[in-house]
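Chemist: Sharing protein.cif, mmCIF, C-alpha atoms and all ligand atoms:
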data_query
#
loop_
_atom_site.label_atom_id
_atom_site.label_comp_id
_atom_site.auth_asym_id
_atom_site.auth_seq_id
_atom_site.Cartn_x
_atom_site.Cartn_y
_atom_site.Cartn_z
CA MET A 1241 8.34 7.98 31.96
CA LEU A 1242 5.39 5.88 30.81
CA PRO A 1243 6.14 2.44 29.33
CA LYS A 1244 7.15 2.30 25.69
CA ILE A 1245 4.44 1.86 23.08
CA TYR A 1246 5.71 0.43 19.81
CA VAL A 1247 3.94 0.49 16.48
CA THR A 1248 2.91 -3.11 16.99
CA GLN A 1249 3.03 -6.02 19.39
CA PRO A 1250 2.38 -9.65 18.47
CA SER A 1251 -0.81 -11.36 19.59
CA MET A 1252 0.12 -14.41 21.66
CA PRO A 1253 -1.88 -17.48 22.66
CA ALA A 1254 -1.81 -18.39 26.37
CA PHE A 1255 1.55 -20.00 27.22
CA GLU A 1256 -0.22 -23.21 28.28
CA GLU A 1257 -2.12 -23.38 25.01
CA TYR A 1258 1.09 -23.30 22.96
CA VAL A 1259 2.83 -25.81 25.23
CA LYS A 1260 -0.10 -28.19 24.84
CA GLU A 1261 0.07 -27.78 21.07
CA ILE A 1262 3.77 -28.65 20.82
CA LYS A 1263 3.77 -31.46 23.42
CA ASP A 1264 3.32 -34.26 20.83
CA LEU A 1265 6.47 -33.16 19.05
CA TRP A 1266 8.56 -34.58 21.90
CA SER A 1267 7.28 -38.08 21.24
CA SER A 1268 6.96 -37.90 17.45
CA LYS A 1269 10.36 -36.24 16.96
CA MET A 1270 8.98 -34.87 13.68
CA LEU A 1271 10.10 -31.28 13.94
CA THR A 1272 9.83 -30.21 10.32
CA ASN A 1273 9.42 -31.46 6.73
CA MET A 1274 5.66 -31.14 6.43
CA GLY A 1275 4.61 -32.87 9.64
CA VAL A 1276 1.19 -33.12 11.27
CA LYS A 1277 1.08 -29.51 12.53
CA HIS A 1278 2.03 -28.26 9.08
CA GLU A 1279 -0.74 -30.37 7.56
CA GLU A 1280 -3.31 -29.23 10.11
CA LEU A 1281 -2.48 -25.54 9.66
CA GLU A 1282 -2.61 -25.84 5.88
CA LEU A 1283 -6.07 -27.38 6.17
CA GLU A 1284 -7.34 -24.76 8.64
CA LEU A 1285 -6.02 -21.91 6.52
CA LYS A 1286 -7.64 -23.28 3.38
CA LYS A 1287 -10.94 -23.10 5.26
CA TYR A 1288 -10.32 -19.71 6.84
CA LEU A 1289 -9.12 -18.09 3.61
CA ASN A 1290 -11.63 -20.02 1.53
CA ILE A 1291 -9.11 -21.06 -1.11
CA ASP A 1292 -8.41 -24.44 -2.73
CA ASN A 1293 -4.66 -24.44 -2.32
CA ILE A 1294 -2.26 -23.18 0.31
CA SER A 1295 1.44 -23.83 0.59
CA LEU A 1296 3.14 -22.88 3.85
CA LEU A 1297 6.63 -21.44 3.84
CA ALA A 1298 9.35 -20.34 6.25
CA ASN A 1299 8.47 -16.65 5.78
CA GLY A 1300 6.57 -14.31 3.51
CA HIS A 1301 9.57 -13.16 1.55
CA LEU A 1302 10.56 -16.68 0.55
CA ALA A 1303 6.92 -17.33 -0.31
CA LEU A 1304 7.12 -14.43 -2.77
CA GLU A 1305 10.43 -15.55 -4.28
CA THR A 1306 9.19 -19.12 -4.52
CA VAL A 1307 5.93 -18.28 -6.28
CA ILE A 1308 7.76 -15.99 -8.73
CA ALA A 1309 10.05 -18.91 -9.55
CA ALA A 1310 7.14 -21.36 -9.72
CA LEU A 1311 5.33 -19.17 -12.26
CA GLY A 1312 8.46 -19.09 -14.42
CA LEU A 1313 8.37 -15.32 -14.91
CA SER A 1314 10.89 -13.53 -17.09
CA GLY A 1315 11.89 -9.98 -18.07
CA GLU A 1316 10.01 -7.14 -16.41
CA VAL A 1317 7.51 -7.10 -13.56
CA ILE A 1318 5.34 -4.06 -12.92
CA THR A 1319 5.09 -3.25 -9.22
CA ALA A 1320 4.57 -0.36 -6.81
CA PRO A 1321 7.45 1.37 -4.99
CA PHE A 1322 5.26 2.10 -1.95
CA SER A 1323 5.74 -1.15 -0.06
CA PHE A 1324 8.09 -3.04 2.19
CA ALA A 1325 11.55 -3.88 0.77
CA SER A 1326 10.55 -7.51 0.28
CA THR A 1327 8.22 -6.87 -2.68
CA THR A 1328 10.85 -5.46 -5.05
CA HIS A 1329 13.72 -7.48 -3.57
CA ALA A 1330 11.87 -10.69 -4.49
CA ILE A 1331 11.62 -9.57 -8.12
CA VAL A 1332 15.28 -8.58 -8.33
CA ARG A 1333 16.56 -11.64 -6.45
CA CYS A 1334 14.73 -13.80 -9.01
CA GLY A 1335 16.75 -12.13 -11.77
CA LEU A 1336 13.86 -9.99 -13.03
CA THR A 1337 13.53 -6.25 -13.61
CA PRO A 1338 11.07 -4.22 -11.53
CA VAL A 1339 9.19 -1.40 -13.23
CA PHE A 1340 7.69 1.05 -10.78
CA CYS A 1341 4.11 2.25 -11.16
CA ASP A 1342 2.46 5.06 -9.19
CA ILE A 1343 -0.18 4.55 -6.49
CA ASN A 1344 -3.60 5.99 -5.63
CA TYR A 1345 -4.08 8.84 -3.17
CA ASP A 1346 -7.01 7.27 -1.34
CA ASP A 1347 -5.80 3.71 -0.68
CA TYR A 1348 -2.06 3.80 -1.57
CA THR A 1349 -2.36 0.70 -3.78
CA ILE A 1350 -1.04 0.56 -7.36
CA ASN A 1351 -2.79 2.98 -9.74
CA ALA A 1352 -4.30 0.52 -12.22
CA ASP A 1353 -4.88 3.32 -14.76
CA LYS A 1354 -1.12 3.83 -15.06
CA ILE A 1355 -0.17 0.18 -15.58
CA GLU A 1356 -0.80 -0.17 -19.30
CA ALA A 1357 1.62 2.60 -20.25
CA LEU A 1358 4.42 0.63 -18.56
CA ILE A 1359 3.85 -2.65 -20.41
CA THR A 1360 6.57 -3.64 -22.90
CA PRO A 1361 7.19 -6.87 -24.84
CA GLN A 1362 9.38 -7.92 -21.88
CA THR A 1363 6.64 -7.59 -19.26
CA SER A 1364 5.61 -10.94 -17.78
CA ALA A 1365 3.68 -10.03 -14.64
CA ILE A 1366 2.13 -7.50 -12.30
CA LEU A 1367 3.11 -7.76 -8.63
CA ALA A 1368 0.67 -5.56 -6.75
CA VAL A 1369 0.47 -4.96 -3.00
CA HIS A 1370 -2.67 -4.77 -0.87
CA VAL A 1371 -0.98 -2.02 1.14
CA TYR A 1372 -2.10 -1.84 4.81
CA GLY A 1373 -4.81 -4.36 3.88
CA ASN A 1374 -6.39 -1.86 1.45
CA ILE A 1375 -7.47 -3.70 -1.65
CA CYS A 1376 -5.98 -3.15 -5.10
CA ASN A 1377 -8.29 -2.58 -8.04
CA VAL A 1378 -8.37 -6.33 -8.64
CA GLU A 1379 -10.90 -6.21 -11.48
CA LYS A 1380 -9.03 -3.67 -13.57
CA ILE A 1381 -5.70 -5.40 -12.94
CA GLN A 1382 -7.14 -8.74 -14.08
CA GLN A 1383 -8.57 -7.12 -17.22
CA ILE A 1384 -5.17 -5.72 -18.13
CA ALA A 1385 -3.45 -9.02 -17.34
CA ASP A 1386 -5.91 -10.98 -19.48
CA HIS A 1387 -5.51 -8.58 -22.36
CA TYR A 1388 -1.69 -8.67 -22.34
CA HIS A 1389 -1.30 -12.27 -21.13
CA LEU A 1390 0.43 -11.31 -17.90
CA LYS A 1391 0.51 -13.17 -14.60
CA VAL A 1392 -0.78 -11.42 -11.48
CA ILE A 1393 0.71 -11.93 -8.04
CA TYR A 1394 -0.61 -10.13 -4.99
CA ASP A 1395 1.61 -9.29 -2.06
CA ALA A 1396 -1.14 -9.82 0.51
CA ALA A 1397 1.25 -9.64 3.48
CA HIS A 1398 -1.05 -7.05 5.07
CA ALA A 1399 -4.36 -8.47 3.98
CA PHE A 1400 -4.86 -11.69 5.94
CA GLY A 1401 -8.56 -12.41 6.35
CA VAL A 1402 -9.81 -9.40 4.37
CA LEU A 1403 -13.06 -9.91 2.45
CA VAL A 1404 -14.20 -8.08 -0.69
CA ASN A 1405 -17.89 -8.34 -1.55
CA GLY A 1406 -17.90 -11.37 0.73
CA ALA A 1407 -15.09 -13.04 -1.22
CA SER A 1408 -11.73 -13.95 0.27
CA ILE A 1409 -8.76 -11.79 -0.63
CA ALA A 1410 -6.84 -15.00 -1.31
CA GLY A 1411 -8.74 -15.75 -4.52
CA PHE A 1412 -7.53 -12.96 -6.79
CA GLY A 1413 -4.83 -13.12 -9.45
CA ASP A 1414 -2.73 -16.20 -10.12
CA ALA A 1415 -1.46 -16.28 -6.56
CA SER A 1416 -1.36 -14.33 -3.32
CA MET A 1417 1.46 -14.23 -0.81
CA PHE A 1418 0.75 -13.89 2.90
CA SER A 1419 3.27 -13.08 5.59
CA PHE A 1420 2.90 -14.65 9.01
CA HIS A 1421 5.67 -12.61 10.58
CA ALA A 1422 5.29 -11.78 14.28
CA THR A 1423 4.29 -8.21 13.41
CA LYS A 1424 1.38 -9.23 11.19
CA VAL A 1425 -2.30 -9.65 12.06
CA PHE A 1426 -1.92 -13.44 12.07
CA HIS A 1427 1.49 -14.94 12.75
CA THR A 1428 3.53 -18.12 13.05
CA ILE A 1429 6.51 -16.25 14.61
CA GLU A 1430 8.12 -16.21 11.16
CA GLY A 1431 6.17 -17.72 8.33
CA GLY A 1432 4.30 -17.20 5.12
CA ALA A 1433 2.08 -18.80 2.53
CA VAL A 1434 1.20 -18.90 -1.12
CA ALA A 1435 -2.52 -19.17 -1.86
CA CYS A 1436 -3.73 -20.05 -5.32
CA ARG A 1437 -6.56 -21.70 -7.23
CA ASP A 1438 -4.32 -23.73 -9.53
CA ARG A 1439 -3.39 -27.08 -7.96
CA ASN A 1440 -0.33 -27.41 -10.21
CA LEU A 1441 1.05 -24.09 -9.05
CA LYS A 1442 0.76 -25.22 -5.45
CA LEU A 1443 2.57 -28.46 -6.28
CA MET A 1444 5.37 -26.47 -7.91
CA VAL A 1445 5.68 -24.19 -4.86
CA ASP A 1446 5.72 -27.29 -2.64
CA ARG A 1447 8.61 -28.73 -4.64
CA LEU A 1448 10.60 -25.51 -4.87
CA LYS A 1449 10.35 -24.90 -1.12
CA ASN A 1450 11.94 -28.33 -0.55
CA PHE A 1451 15.03 -28.34 -2.81
CA GLY A 1452 13.05 -29.31 -5.91
CA ILE A 1453 12.74 -32.86 -4.61
CA THR A 1454 10.13 -34.75 -6.62
CA GLY A 1455 10.42 -38.25 -5.21
CA GLN A 1456 12.38 -40.65 -3.01
CA ASP A 1457 15.25 -40.77 -5.50
CA SER A 1458 14.54 -37.83 -7.78
CA VAL A 1459 15.22 -34.11 -7.80
CA GLY A 1460 13.45 -32.48 -10.71
CA TYR A 1461 13.98 -28.78 -10.01
CA VAL A 1462 16.56 -26.37 -8.64
CA GLY A 1463 14.68 -25.52 -5.46
CA GLY A 1464 15.73 -23.91 -2.22
CA ASN A 1465 14.74 -24.53 1.38
CA ALA A 1466 11.76 -22.52 2.55
CA LYS A 1467 9.81 -25.00 4.65
CA MET A 1468 7.71 -24.00 7.64
CA ASN A 1469 8.65 -26.06 10.71
CA GLU A 1470 6.29 -27.70 13.23
CA PHE A 1471 6.82 -25.13 15.98
CA GLN A 1472 5.84 -22.34 13.61
CA ALA A 1473 2.78 -24.28 12.45
CA ALA A 1474 1.78 -24.96 16.07
CA MET A 1475 1.91 -21.24 16.83
CA GLY A 1476 -0.28 -20.65 13.79
CA ILE A 1477 -2.83 -23.26 14.90
CA CYS A 1478 -3.09 -21.52 18.30
CA ASN A 1479 -3.29 -18.01 16.88
CA LEU A 1480 -5.92 -18.94 14.32
CA ARG A 1481 -8.26 -20.02 17.15
CA HIS A 1482 -8.30 -16.43 18.41
CA ILE A 1483 -8.28 -14.53 15.13
CA SER A 1484 -11.84 -13.22 15.26
CA GLU A 1485 -11.34 -11.86 18.78
CA VAL A 1486 -8.07 -10.23 17.66
CA ARG A 1487 -9.85 -8.65 14.72
CA LEU A 1488 -12.60 -7.20 16.92
CA LYS A 1489 -10.08 -5.69 19.34
CA ARG A 1490 -8.16 -4.15 16.43
CA LYS A 1491 -11.40 -2.77 15.03
CA ALA A 1492 -12.09 -0.99 18.32
CA VAL A 1493 -8.57 0.50 18.32
CA TYR A 1494 -8.94 1.65 14.71
CA GLU A 1495 -12.31 3.25 15.37
CA GLN A 1496 -10.95 5.04 18.42
CA TYR A 1497 -8.23 6.62 16.27
CA GLN A 1498 -10.83 7.58 13.69
CA LYS A 1499 -13.08 9.10 16.31
CA ASN A 1500 -10.25 11.25 17.60
CA LEU A 1501 -8.44 12.20 14.41
CA SER A 1502 -10.60 11.88 11.30
CA CYS A 1503 -12.19 15.30 11.67
CA ILE A 1504 -8.87 17.09 12.27
CA GLN A 1505 -7.83 19.37 9.43
CA GLY A 1506 -4.71 18.10 7.66
CA ILE A 1507 -4.98 14.48 8.86
CA TYR A 1508 -6.13 11.88 6.37
CA PHE A 1509 -7.00 8.20 6.80
CA SER A 1510 -6.77 5.79 3.87
CA THR A 1511 -9.79 3.95 2.52
CA PRO A 1512 -9.82 0.14 2.51
CA GLY A 1513 -11.94 -0.08 -0.66
CA LYS A 1514 -15.62 -0.60 -1.45
CA ASN A 1515 -17.49 -3.45 0.28
CA VAL A 1516 -14.39 -4.50 2.17
CA VAL A 1517 -14.35 -6.27 5.52
CA SER A 1518 -11.08 -4.95 6.92
CA ASN A 1519 -8.56 -6.74 9.15
CA TYR A 1520 -7.46 -3.44 10.74
CA ALA A 1521 -3.82 -4.32 10.18
CA TYR A 1522 -2.43 -0.78 10.43
CA VAL A 1523 -3.38 2.81 11.19
CA PRO A 1524 -1.71 4.80 8.45
CA VAL A 1525 -2.42 8.53 8.59
CA ARG A 1526 -1.19 11.18 6.20
CA PHE A 1527 -0.27 14.62 7.44
CA GLU A 1528 -0.84 17.27 4.78
CA HIS A 1529 -0.05 20.78 5.96
CA PHE A 1530 -0.67 19.62 9.51
CA ARG A 1531 1.17 21.89 11.95
CA ASP A 1532 4.63 21.70 10.45
CA ASN A 1533 4.92 18.18 9.18
CA ARG A 1534 5.28 14.52 9.96
CA GLU A 1535 8.73 14.89 11.52
CA ARG A 1536 7.36 17.11 14.25
CA VAL A 1537 4.64 14.60 15.05
CA VAL A 1538 7.24 11.82 15.25
CA ASP A 1539 9.48 13.86 17.55
CA LYS A 1540 6.57 14.73 19.80
CA LEU A 1541 5.43 11.10 20.12
CA VAL A 1542 8.95 9.72 20.62
CA ALA A 1543 9.47 12.25 23.41
CA GLU A 1544 6.51 10.55 25.12
CA ASN A 1545 7.95 7.04 24.59
CA ILE A 1546 5.58 6.29 21.70
CA PHE A 1547 7.16 4.89 18.56
CA PRO A 1548 5.18 5.21 15.32
CA ARG A 1549 6.84 4.16 12.03
CA LYS A 1550 7.34 5.93 8.75
CA TYR A 1551 5.90 3.01 6.75
CA PHE A 1552 6.72 3.28 3.88
CA TYR A 1553 9.55 5.71 3.72
CA PRO A 1554 11.76 5.90 1.76
CA LEU A 1555 10.14 4.60 -1.42
CA ILE A 1556 11.77 1.39 -2.62
CA SER A 1557 12.83 3.15 -5.83
CA ASN A 1558 14.84 5.57 -3.68
CA TYR A 1559 16.74 2.88 -1.75
CA GLU A 1560 20.51 3.16 -2.11
CA CYS A 1561 20.58 -0.25 -3.78
CA TYR A 1562 18.04 0.74 -6.44
CA GLN A 1563 18.49 4.46 -6.99
CA GLY A 1564 18.55 5.33 -10.67
CA GLN A 1565 18.63 1.69 -11.73
CA TYR A 1566 15.06 1.02 -12.78
CA ARG A 1567 12.25 2.89 -14.51
CA SER A 1568 10.51 4.94 -11.85
CA GLU A 1569 9.52 8.18 -13.57
CA ASN A 1570 6.10 9.67 -13.04
CA ILE A 1571 5.36 8.46 -9.51
CA PRO A 1572 4.36 11.77 -7.86
CA VAL A 1573 1.67 10.29 -5.63
CA ALA A 1574 3.98 7.64 -4.23
CA GLU A 1575 6.64 10.32 -3.60
CA ASP A 1576 4.11 12.52 -1.81
CA VAL A 1577 2.54 9.80 0.33
CA ALA A 1578 5.95 8.44 1.39
CA GLU A 1579 6.88 11.93 2.62
CA ASN A 1580 3.75 12.40 4.70
CA VAL A 1581 2.49 9.08 5.97
CA LEU A 1582 2.92 7.70 9.47
CA THR A 1583 1.65 4.41 10.88
CA LEU A 1584 0.45 4.80 14.43
CA PRO A 1585 0.60 2.08 17.10
CA MET A 1586 -1.94 -0.68 16.43
CA TYR A 1587 -2.31 -4.04 18.13
CA ALA A 1588 -5.10 -6.02 19.74
CA GLU A 1589 -3.96 -5.34 23.31
CA LEU A 1590 -3.54 -1.58 22.87
CA GLU A 1591 -5.87 0.08 25.34
CA LEU A 1592 -8.35 2.65 24.08
CA GLY A 1593 -7.20 5.07 26.78
CA GLU A 1594 -3.70 4.86 25.31
CA VAL A 1595 -5.11 5.57 21.87
CA ASP A 1596 -6.76 8.70 23.29
CA ARG A 1597 -3.45 9.75 24.83
CA ILE A 1598 -1.57 9.23 21.53
CA CYS A 1599 -4.22 11.23 19.68
CA SER A 1600 -4.17 14.13 22.10
CA ILE A 1601 -0.38 14.37 21.89
CA ILE A 1602 -0.87 14.81 18.14
CA THR A 1603 -3.80 17.21 18.28
CA ASP A 1604 -2.40 19.31 21.15
CA MET A 1605 0.73 20.19 19.22
C1 LIG B 1 6.05 -8.35 6.01
C2 LIG B 1 6.01 -8.09 4.56
C3 LIG B 1 6.65 -8.93 3.62
C4 LIG B 1 7.62 -10.02 3.99
O1 LIG B 1 7.14 -10.95 4.85
P1 LIG B 1 8.11 -11.71 5.88
O2 LIG B 1 7.23 -12.78 6.43
O3 LIG B 1 8.57 -10.74 6.90
O4 LIG B 1 9.24 -12.29 5.09
C5 LIG B 1 6.44 -8.69 2.28
N1 LIG B 1 5.69 -7.67 1.85
C6 LIG B 1 5.09 -6.82 2.70
C7 LIG B 1 4.24 -5.72 2.16
C8 LIG B 1 5.25 -6.98 4.08
O5 LIG B 1 4.70 -6.10 4.93
#
Turn the structure described in the file into structure tokens.
Modeler:
Amino acid sequence: MLPKIYVTQPSMPAFEEYVKEIKDLWSSKMLTNMGVKHEELELELKKYLNIDNISLLANGHLALETVIAALGLSGEVITAPFSFASTTHAIVRCGLTPVFCDINYDDYTINADKIEALITPQTSAILAVHVYGNICNVEKIQQIADHYHLKVIYDAAHAFGVLVNGASIAGFGDASMFSFHATKVFHTIEGGAVACRDRNLKLMVDRLKNFGITGQDSVGYVGGNAKMNEFQAAMGICNLRHISEVRLKRKAVYEQYQKNLSCIQGIYFSTPGKNVVSNYAYVPVRFEHFRDNRERVVDKLVAENIFPRKYFYPLISNYECYQGQYRSENIPVAEDVAENVLTLPMYAELELGEVDRICSIITDM
């Protein structure tokens, strides 16, 4: 049996590079609480993402919960059910009500034309997801938000480093959340960030991630603990040095899949959006009337020790913990895509020959 190929594999710096990066920590004994590595990574990421303010957090999910709290949202938040659990969980765990909106067929992001019909006097925000690094209709969403005085948060967990018309993905809406989990394009083992243009919002996130502490002897807010530690930040500093090389390798993998599969009847790739420089985070393909269906493709690949993932299935609105609880009528596209999509193995070190092998297992069915 050939070695197992999983849907992803983290990019790692050389062992020696990481060891060199963390060496100082043995003399400084500053292991967390916004130390020098944390400061350096924040600075580097502000440059890389071309954004005025970044706050680093322990993980992406806590970044999302913390920015929701920092914005002081209330009532209902319009979001898409085609995402990872974290997106809706963050809304609900902050005591808010998610309202599910349908998605587009071509990029799987929230269908901006269906948002307005879901707005009520209780709506306070739109939480949209740049699914697979495909870009939401940021202009339309901002227009709606301006008109109804709503906040906009982007779950940009998949979109690290993506550019739209030359502009950084981090600059849209009131804030963007990034995940630096080991499975993401850029990682700090576990980790995350909030990016925003408003300095005061960053300061609020900074306080809320550290127990709401406002000074030596003062605690002004009911915060939690969501700080990124120095070992995480050091991993980020190392990984950021290699990010452009990682992106190029991923691009080659993506293009190899496209070369092999994009002309096959019944197999559809998603579109990243107009004038987008992609980060090639995932290879989502949709099987519509292809052989039998997705399940057969999965079985065939698993039999060959290849493990794709049904991201995102089931829809969040169909989770046991949410079923029937929130408004989620009229989401036929999300229902359809969740039934037919499969994310194929994608990581920088995946060899193109392996991509060919994965593709021929699919096409030879
Ligand atoms: C990974 C992910 C998150 C959560 O990030 P963590 O760093 O794992 O907490 C949130 N939303 C989406 C869409 C994700 O893929």
Chemist: Output the neighbourhood of ligand LIG 1 (chain B) as a VMD selection string, that is, all protein and nucleic acid residues with some atom at most 9 Å from the ligand, counting all atoms listed in the file.
Modeler: chain A and resid 1298 to 1304 1322 to 1328 1330 1369 to 1372 1395 to 1398 1417 to 1424 1427 1429 to 1433
Chemist: Would you list the residues near (14.6, -22.8, 0.8), meaning any protein, DNA or RNA residue with an atom at most 9 Å from that point in file coordinates, counting all atoms listed in the file, as a PyMOL selection string?
Modeler: chain A and resi 1297-1298+1302+1306+1448-1451+1463-1467
Chemist: When you draw a straight line from CA of Asn1374 (chain A) to CA of Val1402 (chain A), how long is it in Å?
Modeler: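 According to the coordinates, CA of Asn1374 (chain A) and CA of Val1402 (chain A) are separated by 8.8 Å.
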Chemist: Taking 4 positions as the minimum chain separation for residues in the same chain, which residues sit within 8 Å of region 1564-1574 of chain A when counting all atoms listed in the file? Answer as a list in words.
Modeler: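 Answer for this query is Pro1321, Phe1322, Thr1337, Pro1338, Val1339, Phe1340, Cys1341, Asp1342, Ile1343, Asn1344, Tyr1345, Tyr1348, Leu1555, Ser1557, Asn1558 and Ala1578 of chain A.
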Chemist: Fewer than 4 positions away in the same chain doesn't count, so skip those; otherwise give me all residues within 9 Å of Met1605 (chain A), counting only C-alpha atoms, as JSON, numbers by chain.
Modeler: {"A": [1531, 1536, 1537, 1540, 1600, 1601]}
Chemist: Skipping near chain neighbours, those fewer than 4 positions away, what residues fall within 10 Å of Glu1279 (chain A) using all atoms listed in the file, listed as a list in words?
Modeler: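 Here the qualifying residues turn out to be Met1274, Gly1275, Leu1283, Glu1284, Ser1295, Leu1296, Glu1470 and Ala1473 of chain A.
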Chemist: Would you save the residues of that selection, restricted to C-alpha atoms, as a JSON list (two decimals), in the frame of the given file?
Modeler:
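out09.json, freshly written:
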[["chain", "number", "residue", "atom", "x", "y", "z"],
["A", 1274, "MET", "CA", 5.66, -31.14, 6.43],
["A", 1275, "GLY", "CA", 4.61, -32.87, 9.64],
["A", 1283, "LEU", "CA", -6.07, -27.38, 6.17],
["A", 1284, "GLU", "CA", -7.34, -24.76, 8.64],
["A", 1295, "SER", "CA", 1.44, -23.83, 0.59],
["A", 1296, "LEU", "CA", 3.14, -22.88, 3.85],
["A", 1470, "GLU", "CA", 6.29, -27.70, 13.23],
["A", 1473, "ALA", "CA", 2.78, -24.28, 12.45]]
Chemist: Identify which of the residues A:Val1378, A:Val1307, A:Leu1501, A:Ile1453 lies closest to Val1434 (chain A), counting all atoms listed in the file when measuring atom-to-atom distances.
Modeler: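 Ranking A:Val1378, A:Val1307, A:Leu1501, A:Ile1453 by distance to Val1434 (chain A), first place goes to A:Val1307.
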Chemist: Do a neighbour search on region 1286-1289 of chain A at 8 Å with only C-alpha atoms, toss out local chain neighbours closer than 3 positions, and write the hits as a list in words.
Modeler: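 Once the adjacent positions are removed, what remains is Glu1282, Leu1283, Asp1292, Asn1293, Ile1294, Gly1401, Ser1408, Ile1409 and Ala1410 of chain A.
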Chemist: Record the distance separating CA of Leu1480 (chain A) and CA of Lys1277 (chain A), expressed in Å with one decimal.
Modeler: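 Computed distance, CA of Leu1480 (chain A) to CA of Lys1277 (chain A), equals 12.8 Å.
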Chemist: Kindly indicate which residue among A:Ile1602, A:Ile1262, A:Ala1415, A:Met1252 lies nearest to Glu1544 (chain A), using all atoms listed in the file for the distances.
Modeler: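 Smallest separation from Glu1544 (chain A) among the options: A:Ile1602.
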Chemist: Quick one: axis-aligned box around all listed atoms of region 1440-1459 of chain A, 6 Å on every side, centre and edge lengths in Å to one decimal, written as lines of an AutoDock Vina configuration file.
Modeler:
center_x = 7.5
center_y = -32.4
center_z = -5.4
size_x = 27.6
size_y = 28.7
size_z = 21.7
Chemist: Just give me the gap between CA of Gln1383 (chain A) and CA of Ile1318 (chain A) in Å, one decimal is fine.
Modeler: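 Taking CA of Gln1383 (chain A) as the start and CA of Ile1318 (chain A) as the end point, the length is 14.9 Å.
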Chemist: Nearest to Asn1290 (chain A) among A:Gly1315, A:Ile1355, A:Gly1406, A:Asp1347, with distances taken over all atoms listed in the file: which residue is it?
Modeler: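 So, comparing all the options, the nearest one is A:Gly1406.
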Chemist: Using only C-alpha atoms for the distances, tell me which of A:Val1581, A:Val1493, A:Glu1575, A:Ala1435 is nearest to Gly1506 (chain A).
Modeler: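 Answer, going by the shortest atom-to-atom distance: A:Val1581.
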